[in-house]
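Novice: Pasting a structure here, questions to come.
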Amino acid sequence: MPKTDPIVARAVDLYKTYGDTDSQVTALDHVSVDFRRGELTAIMGPSGSGKSTLMHCMAGLDVPTSGEVLVEDLEVSSMNQKQLTQLRRKEIGFIFQSFNLVPTLTAEENILLPLQIAHRPIDRDWFDKVVSVVGLENRLDHRPSQLSGGQQQRVACARAMMERPSVIFADEPTGNLDSRSSREVLGFLRQCVRDYGQSIVMVTHDPRAASFAGRVLVLSDGSITQDMDHPTYDDILAVFAEHDDPDNGPVDVEPVTTKED
Ligand SMILES: Nc1ncnc2c1ncn2[C@@H]1O[C@H](COP(=O)(O)OP(=O)(O)OP(=O)(O)O)[C@@H](O)[C@H]1O
Ligand SMILES: [Mg+2]
């Protein structure tokens, strides 16, 4: 049955500290945010502002100190390990900056691995569709070491899409890629949102990548300081220019290397 709640995932008063009292770091400082279904949301912010911590807490890969995480109205933050494993297999996809592929397996085997581990049936039509969207038809027999960075990340994207999860969290999916490969991976993520209604939350330092998103959130010091609806590339640059305090170093956005899109 198609899911209809317009909110796919939600953080409620999320608070996360690391370390003990002497050296405590507040990574998330009471963050509340709703992620909308069928939308590409980008998360930006300086290094150390809590972006990865937010993604990891949302995906059940890390546990908040207090507050709640809900995915499809299921409370992730209170689940035991077995429930979490189930939820992560079915409802949540994750794409890492470093691809996280199994080096000894081919592209096809990597894409199908989560389904095989979960003993779930493989929908061959969907597999073919996903593989053609990521443009990997001729690379399925290759192992990660035989693929470019962009191709490896497209394998990771296809793997995340295979289960048609409710939401995909992506932590700097283009962070290790050159501008051409970045565009390919971003194009794929956008296509998943546009053509298949996939909900995606993506951390990025690249304002051009963020300008592909329907919504851009900015985190600073563990708090959401901006929430922009369909910002243009210039809107995003303007936000970072405002925060560009000469005493605090340069803006934390990557230089733009292309003039396309
Ligand atoms: N396992 C950990 N132990 C201690 N401190 C941590 C840990 N993970 C993150 N932190 C701290 O929490 C804060 C937020 O880190 P986080 O990784 O979420 O930032 P980020 O916004 O993803 O940064 P970047 O853009 O560099 O990836 C930082 O001050 C970081 O040092
Ligand atoms: Mg990070």
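Chain labels run A, B, ... following the order of the structure tokens; each chain numbers its residues from 1, and ligands are numbered from 1 in the order shown.
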Hey, what's within 8 Å of range 154-159 of chain A if we count only C-alpha atoms and toss same-chain stuff fewer than 5 positions away? As a CSV table (one decimal) with all heavy atoms, in the first residue's frame, please?

Specialist:
chain,number,residue,atom,x,y,z
A,95,ILE,N,23.7,6.2,2.1
A,95,ILE,CA,24.9,6.3,1.2
A,95,ILE,C,26.0,7.0,1.9
A,95,ILE,O,25.8,8.1,2.4
A,95,ILE,CB,24.4,7.0,-0.1
A,95,ILE,CG1,23.2,6.3,-0.8
A,95,ILE,CG2,25.6,7.1,-1.1
A,95,ILE,CD1,22.6,7.1,-1.9
A,99,PHE,N,31.6,5.2,-0.1
A,99,PHE,CA,31.0,4.2,-0.9
A,99,PHE,C,30.6,2.9,-0.1
A,99,PHE,O,29.5,2.4,-0.3
A,99,PHE,CB,31.8,3.7,-2.2
A,99,PHE,CG,32.5,4.9,-2.9
A,99,PHE,CD1,33.7,4.7,-3.4
A,99,PHE,CD2,31.8,6.1,-3.1
A,99,PHE,CE1,34.4,5.7,-4.1
A,99,PHE,CE2,32.5,7.1,-3.8
A,99,PHE,CZ,33.7,7.0,-4.3
A,100,ASN,N,31.5,2.4,0.7
A,100,ASN,CA,31.3,1.2,1.5
A,100,ASN,C,30.8,0.0,0.7
A,100,ASN,O,29.8,-0.7,1.0
A,100,ASN,CB,30.2,1.5,2.6
A,100,ASN,CG,30.9,2.1,3.8
A,100,ASN,OD1,31.9,2.7,3.7
A,100,ASN,ND2,30.3,2.0,5.0
A,101,LEU,N,31.5,-0.3,-0.4
A,101,LEU,CA,31.2,-1.5,-1.1
A,101,LEU,C,32.1,-2.7,-0.7
A,101,LEU,O,33.1,-2.5,-0.1
A,101,LEU,CB,31.5,-1.3,-2.6
A,101,LEU,CG,30.7,-0.1,-3.3
A,101,LEU,CD1,31.1,0.0,-4.7
A,101,LEU,CD2,29.2,-0.4,-3.1
A,107,ALA,N,29.8,-5.5,-9.0
A,107,ALA,CA,28.8,-4.5,-8.8
A,107,ALA,C,27.4,-5.1,-8.6
A,107,ALA,O,26.7,-4.7,-7.7
A,107,ALA,CB,28.8,-3.6,-10.1
A,110,ASN,N,27.1,-6.5,-5.2
A,110,ASN,CA,27.0,-5.5,-4.1
A,110,ASN,C,25.6,-4.9,-4.1
A,110,ASN,O,25.1,-4.7,-3.0
A,110,ASN,CB,28.1,-4.4,-4.4
A,110,ASN,CG,29.4,-4.6,-3.7
A,110,ASN,OD1,29.4,-4.4,-2.5
A,110,ASN,ND2,30.4,-5.0,-4.4
A,111,ILE,N,25.0,-4.7,-5.3
A,111,ILE,CA,23.7,-4.1,-5.3
A,111,ILE,C,22.7,-5.0,-4.6
A,111,ILE,O,21.8,-4.5,-3.9
A,111,ILE,CB,23.3,-3.8,-6.8
A,111,ILE,CG1,24.2,-2.7,-7.3
A,111,ILE,CG2,21.8,-3.3,-6.8
A,111,ILE,CD1,24.1,-2.5,-8.9
A,112,LEU,N,22.9,-6.3,-4.8
A,112,LEU,CA,21.9,-7.3,-4.4
A,112,LEU,C,22.1,-7.8,-2.9
A,112,LEU,O,21.3,-8.5,-2.4
A,112,LEU,CB,21.8,-8.4,-5.3
A,112,LEU,CG,21.3,-8.0,-6.7
A,112,LEU,CD1,21.3,-9.3,-7.7
A,112,LEU,CD2,19.9,-7.4,-6.7
A,113,LEU,N,23.3,-7.4,-2.4
A,113,LEU,CA,23.8,-8.0,-1.1
A,113,LEU,C,22.7,-7.8,0.0
A,113,LEU,O,22.4,-8.8,0.7
A,113,LEU,CB,25.1,-7.5,-0.8
A,113,LEU,CG,25.7,-8.1,0.5
A,113,LEU,CD1,26.0,-9.6,0.3
A,113,LEU,CD2,27.0,-7.4,0.9
A,114,PRO,N,22.2,-6.6,0.2
A,114,PRO,CA,21.3,-6.4,1.3
A,114,PRO,C,20.1,-7.3,1.2
A,114,PRO,O,19.6,-7.8,2.2
A,114,PRO,CB,20.9,-4.9,1.3
A,114,PRO,CG,22.0,-4.3,0.5
A,114,PRO,CD,22.5,-5.3,-0.5
A,130,VAL,N,16.7,0.2,-12.1
A,130,VAL,CA,17.7,0.9,-11.2
A,130,VAL,C,19.1,0.9,-11.9
A,130,VAL,O,19.7,2.0,-12.0
A,130,VAL,CB,17.8,0.3,-9.8
A,130,VAL,CG1,19.0,0.8,-9.0
A,130,VAL,CG2,16.5,0.5,-9.0
A,131,VAL,N,19.5,-0.2,-12.4
A,131,VAL,CA,20.8,-0.3,-13.1
A,131,VAL,C,20.8,0.6,-14.3
A,131,VAL,O,21.8,1.2,-14.6
A,131,VAL,CB,21.1,-1.8,-13.4
A,131,VAL,CG1,22.2,-1.9,-14.4
A,131,VAL,CG2,21.4,-2.6,-12.2
A,134,VAL,N,21.1,4.2,-13.2
A,134,VAL,CA,22.5,4.6,-12.8
A,134,VAL,C,23.5,4.4,-13.9
A,134,VAL,O,24.7,4.7,-13.7
A,134,VAL,CB,23.0,3.9,-11.5
A,134,VAL,CG1,22.2,4.4,-10.3
A,134,VAL,CG2,22.9,2.4,-11.6
A,136,LEU,N,24.7,1.5,-15.3
A,136,LEU,CA,25.8,0.5,-14.9
A,136,LEU,C,25.6,-0.8,-15.7
A,136,LEU,O,26.2,-1.8,-15.3
A,136,LEU,CB,25.8,0.2,-13.4
A,136,LEU,CG,26.3,1.3,-12.5
A,136,LEU,CD1,26.0,1.0,-11.1
A,136,LEU,CD2,27.8,1.4,-12.7
A,185,VAL,N,26.0,11.4,-10.2
A,185,VAL,CA,25.4,10.9,-9.0
A,185,VAL,C,24.2,11.8,-8.5
A,185,VAL,O,23.1,11.3,-8.2
A,185,VAL,CB,26.4,10.7,-7.8
A,185,VAL,CG1,25.7,10.5,-6.5
A,185,VAL,CG2,27.4,9.6,-8.2
A,189,LEU,N,20.2,10.9,-8.1
A,189,LEU,CA,19.4,11.1,-6.9
A,189,LEU,C,18.1,11.9,-7.3
A,189,LEU,O,17.0,11.6,-6.8
A,189,LEU,CB,20.2,11.8,-5.8
A,189,LEU,CG,21.4,11.0,-5.3
A,189,LEU,CD1,22.2,11.8,-4.3
A,189,LEU,CD2,20.9,9.7,-4.7

Novice: Residues at most 12 Å from Phe188 in chain A, counting only C-alpha atoms, excluding those fewer than 3 positions away in the same chain, as a PyMOL selection string?

Specialist: chain A and resi 40+130-136+150-151+153-158+160-161+173-174+181-185+191-196+198+200+212

Novice: Go ahead and save the picked residues with N, CA, C and O atoms, as a short mmCIF file (atom, residue, chain, number, x, y, z; two decimals), in the first residue's frame.

Specialist:
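Final file, selection_26.cif:
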data_model
loop_
_atom_site.label_atom_id
_atom_site.label_comp_id
_atom_site.auth_asym_id
_atom_site.auth_seq_id
_atom_site.Cartn_x
_atom_site.Cartn_y
_atom_site.Cartn_z
N LEU A 40 13.80 15.97 -2.11
CA LEU A 40 15.24 15.95 -1.89
C LEU A 40 15.58 17.11 -0.97
O LEU A 40 15.38 18.26 -1.33
N VAL A 130 16.72 0.16 -12.05
CA VAL A 130 17.68 0.90 -11.22
C VAL A 130 19.05 0.92 -11.91
O VAL A 130 19.71 1.96 -12.01
N VAL A 131 19.46 -0.24 -12.42
CA VAL A 131 20.77 -0.34 -13.07
C VAL A 131 20.83 0.56 -14.31
O VAL A 131 21.84 1.21 -14.58
N SER A 132 19.71 0.65 -15.04
CA SER A 132 19.76 1.50 -16.23
C SER A 132 19.74 2.97 -15.83
O SER A 132 20.40 3.79 -16.47
N VAL A 133 19.01 3.32 -14.77
CA VAL A 133 19.02 4.72 -14.33
C VAL A 133 20.43 5.14 -13.90
O VAL A 133 20.89 6.23 -14.22
N VAL A 134 21.14 4.25 -13.20
CA VAL A 134 22.50 4.61 -12.79
C VAL A 134 23.53 4.36 -13.90
O VAL A 134 24.70 4.70 -13.75
N GLY A 135 23.06 3.79 -15.00
CA GLY A 135 23.96 3.62 -16.16
C GLY A 135 25.06 2.61 -15.92
O GLY A 135 26.21 2.82 -16.33
N LEU A 136 24.74 1.51 -15.25
CA LEU A 136 25.77 0.52 -14.93
C LEU A 136 25.60 -0.80 -15.69
O LEU A 136 26.22 -1.80 -15.35
N GLY A 150 33.05 7.57 -9.33
CA GLY A 150 31.65 7.87 -9.65
C GLY A 150 30.84 6.61 -9.88
O GLY A 150 29.71 6.49 -9.43
N GLN A 151 31.46 5.64 -10.58
CA GLN A 151 30.75 4.38 -10.82
C GLN A 151 30.53 3.63 -9.51
O GLN A 151 29.46 3.05 -9.28
N GLN A 153 30.17 4.94 -6.58
CA GLN A 153 29.10 5.58 -5.82
C GLN A 153 27.74 5.29 -6.46
O GLN A 153 26.74 5.17 -5.76
N ARG A 154 27.72 5.12 -7.79
CA ARG A 154 26.45 4.78 -8.42
C ARG A 154 26.02 3.36 -8.04
O ARG A 154 24.83 3.08 -7.89
N VAL A 155 26.99 2.46 -7.84
CA VAL A 155 26.66 1.13 -7.32
C VAL A 155 26.03 1.27 -5.92
O VAL A 155 25.00 0.65 -5.62
N ALA A 156 26.65 2.13 -5.10
CA ALA A 156 26.11 2.33 -3.74
C ALA A 156 24.71 2.94 -3.79
O ALA A 156 23.85 2.59 -2.98
N CYS A 157 24.48 3.84 -4.74
CA CYS A 157 23.14 4.44 -4.89
C CYS A 157 22.13 3.37 -5.31
O CYS A 157 21.01 3.31 -4.77
N ALA A 158 22.53 2.53 -6.27
CA ALA A 158 21.63 1.47 -6.74
C ALA A 158 21.32 0.52 -5.59
O ALA A 158 20.17 0.09 -5.40
N ALA A 160 21.23 1.26 -2.43
CA ALA A 160 20.29 1.93 -1.51
C ALA A 160 18.88 1.95 -2.08
O ALA A 160 17.90 1.92 -1.33
N MET A 161 18.76 2.01 -3.42
CA MET A 161 17.43 2.11 -4.05
C MET A 161 16.74 0.76 -4.19
O MET A 161 15.52 0.70 -4.37
N PRO A 173 27.45 12.31 -0.42
CA PRO A 173 27.59 11.26 -1.43
C PRO A 173 28.51 11.66 -2.58
O PRO A 173 29.03 10.79 -3.27
N THR A 174 28.72 12.95 -2.77
CA THR A 174 29.60 13.39 -3.86
C THR A 174 30.92 13.93 -3.32
O THR A 174 31.72 14.48 -4.07
N SER A 181 31.59 13.29 -12.10
CA SER A 181 30.96 12.17 -11.40
C SER A 181 29.92 12.68 -10.41
O SER A 181 28.88 12.04 -10.20
N SER A 182 30.21 13.81 -9.77
CA SER A 182 29.23 14.39 -8.84
C SER A 182 27.93 14.67 -9.55
O SER A 182 26.85 14.36 -9.04
N ARG A 183 28.04 15.23 -10.74
CA ARG A 183 26.82 15.56 -11.49
C ARG A 183 26.04 14.30 -11.84
O ARG A 183 24.82 14.28 -11.78
N GLU A 184 26.77 13.23 -12.17
CA GLU A 184 26.09 11.97 -12.51
C GLU A 184 25.32 11.44 -11.31
O GLU A 184 24.17 11.02 -11.41
N VAL A 185 25.99 11.45 -10.16
CA VAL A 185 25.35 10.90 -8.96
C VAL A 185 24.17 11.78 -8.54
O VAL A 185 23.08 11.28 -8.21
N GLN A 191 16.65 12.06 -10.14
CA GLN A 191 15.73 11.24 -10.93
C GLN A 191 14.92 10.30 -10.02
O GLN A 191 13.74 10.07 -10.25
N CYS A 192 15.58 9.77 -8.99
CA CYS A 192 14.87 8.90 -8.04
C CYS A 192 13.74 9.66 -7.36
O CYS A 192 12.67 9.11 -7.12
N VAL A 193 13.98 10.93 -7.04
CA VAL A 193 12.97 11.75 -6.39
C VAL A 193 11.86 12.07 -7.39
O VAL A 193 10.67 11.88 -7.11
N ARG A 194 12.26 12.51 -8.58
CA ARG A 194 11.28 12.97 -9.56
C ARG A 194 10.43 11.82 -10.12
O ARG A 194 9.21 11.89 -10.18
N ASP A 195 11.09 10.74 -10.50
CA ASP A 195 10.37 9.67 -11.21
C ASP A 195 9.80 8.61 -10.28
O ASP A 195 8.84 7.94 -10.63
N TYR A 196 10.40 8.43 -9.12
CA TYR A 196 9.94 7.35 -8.25
C TYR A 196 9.48 7.84 -6.89
O TYR A 196 9.20 7.04 -6.00
N GLN A 198 11.04 9.04 -4.50
CA GLN A 198 11.94 8.67 -3.39
C GLN A 198 12.19 9.90 -2.50
O GLN A 198 12.36 11.00 -3.01
N ILE A 200 14.79 11.72 -0.11
CA ILE A 200 16.24 11.67 0.11
C ILE A 200 16.68 12.87 0.95
O ILE A 200 16.25 13.99 0.71
N PHE A 212 20.16 21.72 -6.27
CA PHE A 212 19.30 20.72 -6.90
C PHE A 212 18.16 20.30 -5.97
O PHE A 212 17.24 19.62 -6.38
#

Novice: From the DSSP assignment of the backbone, select every residue of range 13-212 of chain A that is strand (DSSP E or B), and format the answer as a ChimeraX atom specification.

Specialist: /A:13-18,25-36,40-44,66-71,74-75,92-95,167-171,199-203

Novice: Show me which residues line ligand 2, defined as having an atom within 7 Å of a ligand atom where only C-alpha atoms and all ligand atoms count, and present them as an MDAnalysis selection string.

Specialist: chainID A and resid 47:48 51:52 171

Novice: Kindly give the distance, in Å, that separates CA of Glu72 in chain A and CA of Met58 in chain A, rounded to a single decimal.

Specialist: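 The value is 11.6 Å.
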
Novice: For the contact check between chain A and ligand 1, emit one row per residue of chain A within 7 Å, containing the shortest atom pair and the distance in Å rounded to one decimal, counting only C-alpha atoms and all ligand atoms, chain then rising number order, as JSON lines.

Specialist:
{"residue": "A:Tyr18", "atom": "CA", "partner": "ligand 1", "partner_atom_place_in_ligand_line": "4 (C)", "distance": 4.6}
{"residue": "A:Gly19", "atom": "CA", "partner": "ligand 1", "partner_atom_place_in_ligand_line": "4 (C)", "distance": 5.7}
{"residue": "A:Val25", "atom": "CA", "partner": "ligand 1", "partner_atom_place_in_ligand_line": "29 (O)", "distance": 5.9}
{"residue": "A:Thr26", "atom": "CA", "partner": "ligand 1", "partner_atom_place_in_ligand_line": "12 (O)", "distance": 6.4}
{"residue": "A:Ala27", "atom": "CA", "partner": "ligand 1", "partner_atom_place_in_ligand_line": "12 (O)", "distance": 4.2}
{"residue": "A:Gly45", "atom": "CA", "partner": "ligand 1", "partner_atom_place_in_ligand_line": "21 (O)", "distance": 6.4}
{"residue": "A:Pro46", "atom": "CA", "partner": "ligand 1", "partner_atom_place_in_ligand_line": "25 (O)", "distance": 5.8}
{"residue": "A:Ser47", "atom": "CA", "partner": "ligand 1", "partner_atom_place_in_ligand_line": "25 (O)", "distance": 3.4}
{"residue": "A:Gly48", "atom": "CA", "partner": "ligand 1", "partner_atom_place_in_ligand_line": "19 (O)", "distance": 3.4}
{"residue": "A:Ser49", "atom": "CA", "partner": "ligand 1", "partner_atom_place_in_ligand_line": "21 (O)", "distance": 3.9}
{"residue": "A:Gly50", "atom": "CA", "partner": "ligand 1", "partner_atom_place_in_ligand_line": "18 (O)", "distance": 3.2}
{"residue": "A:Lys51", "atom": "CA", "partner": "ligand 1", "partner_atom_place_in_ligand_line": "21 (O)", "distance": 3.8}
{"residue": "A:Ser52", "atom": "CA", "partner": "ligand 1", "partner_atom_place_in_ligand_line": "22 (O)", "distance": 3.7}
{"residue": "A:Thr53", "atom": "CA", "partner": "ligand 1", "partner_atom_place_in_ligand_line": "18 (O)", "distance": 3.7}
{"residue": "A:Leu54", "atom": "CA", "partner": "ligand 1", "partner_atom_place_in_ligand_line": "18 (O)", "distance": 6.5}

Novice: Which polymer residues have any atom within 10 Å of an atom of Asp229 in chain A, counting only C-alpha atoms, with same-chain residues fewer than 3 positions away left out, as an mmCIF file with C-alpha atoms, in the first residue's frame?

Specialist:
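Result saved to result-v4.cif:
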data_model
loop_
_atom_site.group_PDB
_atom_site.id
_atom_site.type_symbol
_atom_site.label_atom_id
_atom_site.label_comp_id
_atom_site.auth_asym_id
_atom_site.auth_seq_id
_atom_site.Cartn_x
_atom_site.Cartn_y
_atom_site.Cartn_z
ATOM 1 C CA THR A 41 16.424 17.800 1.207
ATOM 2 C CA ALA A 213 17.305 20.148 -3.705
ATOM 3 C CA GLY A 214 13.727 21.217 -3.025
ATOM 4 C CA ARG A 215 14.727 22.299 0.429
ATOM 5 C CA VAL A 216 18.029 23.292 2.017
ATOM 6 C CA LEU A 217 18.682 23.245 5.752
ATOM 7 C CA GLN A 226 18.239 28.197 7.958
ATOM 8 C CA THR A 232 18.494 29.078 -6.099
#

Novice: In Å, how far is it from CA of Gly93 in chain A to CA of Met79 in chain A?

Specialist: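 Computed distance, CA of Gly93 in chain A to CA of Met79 in chain A, equals 17.2 Å.
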
Novice: Using only C-alpha atoms, which protein or nucleic acid residues come within 9 Å of range 60-68 of chain A? Drop anything in the same chain fewer than 2 positions from it, and give the result as number ranges by chain.

Specialist: A: 10-18, 28, 30-32, 53-58, 70, 75-79, 84-85, 87-88, 92

Novice: Please produce a file of the residues just selected, as a PDB file, in the first residue's frame, where the atoms kept are N, CA and C atoms.

Specialist:
ATOM      1  N   ARG A  10      11.193  12.264  11.025  1.00  0.00           N
ATOM      2  CA  ARG A  10      11.043  13.418  11.911  1.00  0.00           C
ATOM      3  C   ARG A  10      12.041  13.308  13.066  1.00  0.00           C
ATOM      4  N   ALA A  11      12.695  14.434  13.359  1.00  0.00           N
ATOM      5  CA  ALA A  11      13.522  14.528  14.564  1.00  0.00           C
ATOM      6  C   ALA A  11      12.787  15.425  15.543  1.00  0.00           C
ATOM      7  N   VAL A  12      12.659  14.981  16.781  1.00  0.00           N
ATOM      8  CA  VAL A  12      11.955  15.775  17.780  1.00  0.00           C
ATOM      9  C   VAL A  12      12.909  16.075  18.930  1.00  0.00           C
ATOM     10  N   ASP A  13      13.301  17.327  19.032  1.00  0.00           N
ATOM     11  CA  ASP A  13      14.133  17.803  20.142  1.00  0.00           C
ATOM     12  C   ASP A  13      15.380  16.927  20.325  1.00  0.00           C
ATOM     13  N   LEU A  14      16.033  16.687  19.210  1.00  0.00           N
ATOM     14  CA  LEU A  14      17.174  15.769  19.208  1.00  0.00           C
ATOM     15  C   LEU A  14      18.405  16.421  19.837  1.00  0.00           C
ATOM     16  N   TYR A  15      18.951  15.734  20.825  1.00  0.00           N
ATOM     17  CA  TYR A  15      20.097  16.254  21.558  1.00  0.00           C
ATOM     18  C   TYR A  15      21.143  15.149  21.605  1.00  0.00           C
ATOM     19  N   LYS A  16      22.373  15.507  21.250  1.00  0.00           N
ATOM     20  CA  LYS A  16      23.420  14.481  21.237  1.00  0.00           C
ATOM     21  C   LYS A  16      24.726  15.079  21.730  1.00  0.00           C
ATOM     22  N   THR A  17      25.274  14.487  22.768  1.00  0.00           N
ATOM     23  CA  THR A  17      26.598  14.907  23.219  1.00  0.00           C
ATOM     24  C   THR A  17      27.549  13.727  23.099  1.00  0.00           C
ATOM     25  N   TYR A  18      28.799  14.051  22.898  1.00  0.00           N
ATOM     26  CA  TYR A  18      29.861  13.037  22.902  1.00  0.00           C
ATOM     27  C   TYR A  18      30.815  13.349  24.047  1.00  0.00           C
ATOM     28  N   LEU A  28      24.465  17.838  18.603  1.00  0.00           N
ATOM     29  CA  LEU A  28      23.122  18.280  18.192  1.00  0.00           C
ATOM     30  C   LEU A  28      22.469  18.940  19.401  1.00  0.00           C
ATOM     31  N   HIS A  30      19.226  20.165  20.477  1.00  0.00           N
ATOM     32  CA  HIS A  30      17.762  20.252  20.438  1.00  0.00           C
ATOM     33  C   HIS A  30      17.252  20.575  19.040  1.00  0.00           C
ATOM     34  N   VAL A  31      17.517  19.655  18.134  1.00  0.00           N
ATOM     35  CA  VAL A  31      17.088  19.819  16.739  1.00  0.00           C
ATOM     36  C   VAL A  31      15.715  19.173  16.538  1.00  0.00           C
ATOM     37  N   SER A  32      14.796  19.948  16.002  1.00  0.00           N
ATOM     38  CA  SER A  32      13.492  19.403  15.588  1.00  0.00           C
ATOM     39  C   SER A  32      13.299  19.711  14.116  1.00  0.00           C
ATOM     40  N   THR A  53      26.218  13.557  12.428  1.00  0.00           N
ATOM     41  CA  THR A  53      25.554  13.064  13.643  1.00  0.00           C
ATOM     42  C   THR A  53      24.049  13.005  13.419  1.00  0.00           C
ATOM     43  N   LEU A  54      23.500  14.040  12.791  1.00  0.00           N
ATOM     44  CA  LEU A  54      22.058  14.043  12.512  1.00  0.00           C
ATOM     45  C   LEU A  54      21.691  12.878  11.592  1.00  0.00           C
ATOM     46  N   MET A  55      22.469  12.690  10.507  1.00  0.00           N
ATOM     47  CA  MET A  55      22.169  11.583   9.582  1.00  0.00           C
ATOM     48  C   MET A  55      22.247  10.244  10.303  1.00  0.00           C
ATOM     49  N   HIS A  56      23.299  10.053  11.113  1.00  0.00           N
ATOM     50  CA  HIS A  56      23.477   8.765  11.797  1.00  0.00           C
ATOM     51  C   HIS A  56      22.352   8.516  12.801  1.00  0.00           C
ATOM     52  N   CYS A  57      21.936   9.562  13.522  1.00  0.00           N
ATOM     53  CA  CYS A  57      20.823   9.386  14.474  1.00  0.00           C
ATOM     54  C   CYS A  57      19.530   9.083  13.721  1.00  0.00           C
ATOM     55  N   MET A  58      19.301   9.806  12.610  1.00  0.00           N
ATOM     56  CA  MET A  58      18.060   9.589  11.844  1.00  0.00           C
ATOM     57  C   MET A  58      17.985   8.157  11.328  1.00  0.00           C
ATOM     58  N   LEU A  70      11.752   9.586  14.429  1.00  0.00           N
ATOM     59  CA  LEU A  70      10.656   8.784  13.889  1.00  0.00           C
ATOM     60  C   LEU A  70      10.860   8.626  12.395  1.00  0.00           C
ATOM     61  N   GLU A  75       9.244   4.736  16.115  1.00  0.00           N
ATOM     62  CA  GLU A  75      10.228   5.436  16.926  1.00  0.00           C
ATOM     63  C   GLU A  75      11.574   4.707  16.887  1.00  0.00           C
ATOM     64  N   VAL A  76      12.448   5.205  16.017  1.00  0.00           N
ATOM     65  CA  VAL A  76      13.764   4.593  15.807  1.00  0.00           C
ATOM     66  C   VAL A  76      14.586   4.629  17.086  1.00  0.00           C
ATOM     67  N   SER A  77      14.507   5.780  17.778  1.00  0.00           N
ATOM     68  CA  SER A  77      15.388   6.013  18.924  1.00  0.00           C
ATOM     69  C   SER A  77      15.114   5.083  20.096  1.00  0.00           C
ATOM     70  N   SER A  78      13.981   4.375  20.097  1.00  0.00           N
ATOM     71  CA  SER A  78      13.735   3.472  21.234  1.00  0.00           C
ATOM     72  C   SER A  78      13.768   1.999  20.823  1.00  0.00           C
ATOM     73  N   MET A  79      14.242   1.737  19.595  1.00  0.00           N
ATOM     74  CA  MET A  79      14.214   0.343  19.123  1.00  0.00           C
ATOM     75  C   MET A  79      15.396  -0.467  19.643  1.00  0.00           C
ATOM     76  N   LEU A  84      15.832  -2.471  14.958  1.00  0.00           N
ATOM     77  CA  LEU A  84      16.588  -1.520  14.138  1.00  0.00           C
ATOM     78  C   LEU A  84      17.072  -2.161  12.846  1.00  0.00           C
ATOM     79  N   THR A  85      17.587  -3.377  12.979  1.00  0.00           N
ATOM     80  CA  THR A  85      18.073  -4.081  11.791  1.00  0.00           C
ATOM     81  C   THR A  85      16.947  -4.249  10.788  1.00  0.00           C
ATOM     82  N   LEU A  87      14.226  -2.425  10.505  1.00  0.00           N
ATOM     83  CA  LEU A  87      13.843  -1.111   9.976  1.00  0.00           C
ATOM     84  C   LEU A  87      14.853  -0.644   8.932  1.00  0.00           C
ATOM     85  N   ARG A  88      16.146  -0.832   9.250  1.00  0.00           N
ATOM     86  CA  ARG A  88      17.178  -0.368   8.319  1.00  0.00           C
ATOM     87  C   ARG A  88      17.146  -1.170   7.025  1.00  0.00           C
ATOM     88  N   ILE A  92      15.011   2.238   5.459  1.00  0.00           N
ATOM     89  CA  ILE A  92      16.050   3.264   5.448  1.00  0.00           C
ATOM     90  C   ILE A  92      17.212   2.840   4.554  1.00  0.00           C
TER      91      ILE A  92
END

Novice: Of the candidates A:Met162, A:Leu74, A:Ala42, A:Leu177, which one gets nearest to Glu108 in chain A if we count only C-alpha atoms?

Specialist: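 Answer, going by the shortest atom-to-atom distance: A:Met162.
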
Novice: If we count only C-alpha atoms, what is near Ser145 in chain A at a cut-off of 10 Å, once residues fewer than 5 positions away on the same chain are taken out, given as a count of residues only?

Specialist: 5

Novice: Among range 146-237 of chain A, which residues does DSSP mark as helix (DSSP H, G or I) when it is run on the backbone? Keep the chain and numbering as in the structure and answer as number ranges by chain.

Specialist: A: 146, 149-162, 179-196, 207-210, 233-237

Novice: Considering only C-alpha atoms, state which residue in the set A:Phe96, A:Glu109, A:Glu172, A:Met44 is at the smallest distance from Ile236 in chain A.

Specialist: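 For Ile236 in chain A, the nearest of the given residues is A:Met44.
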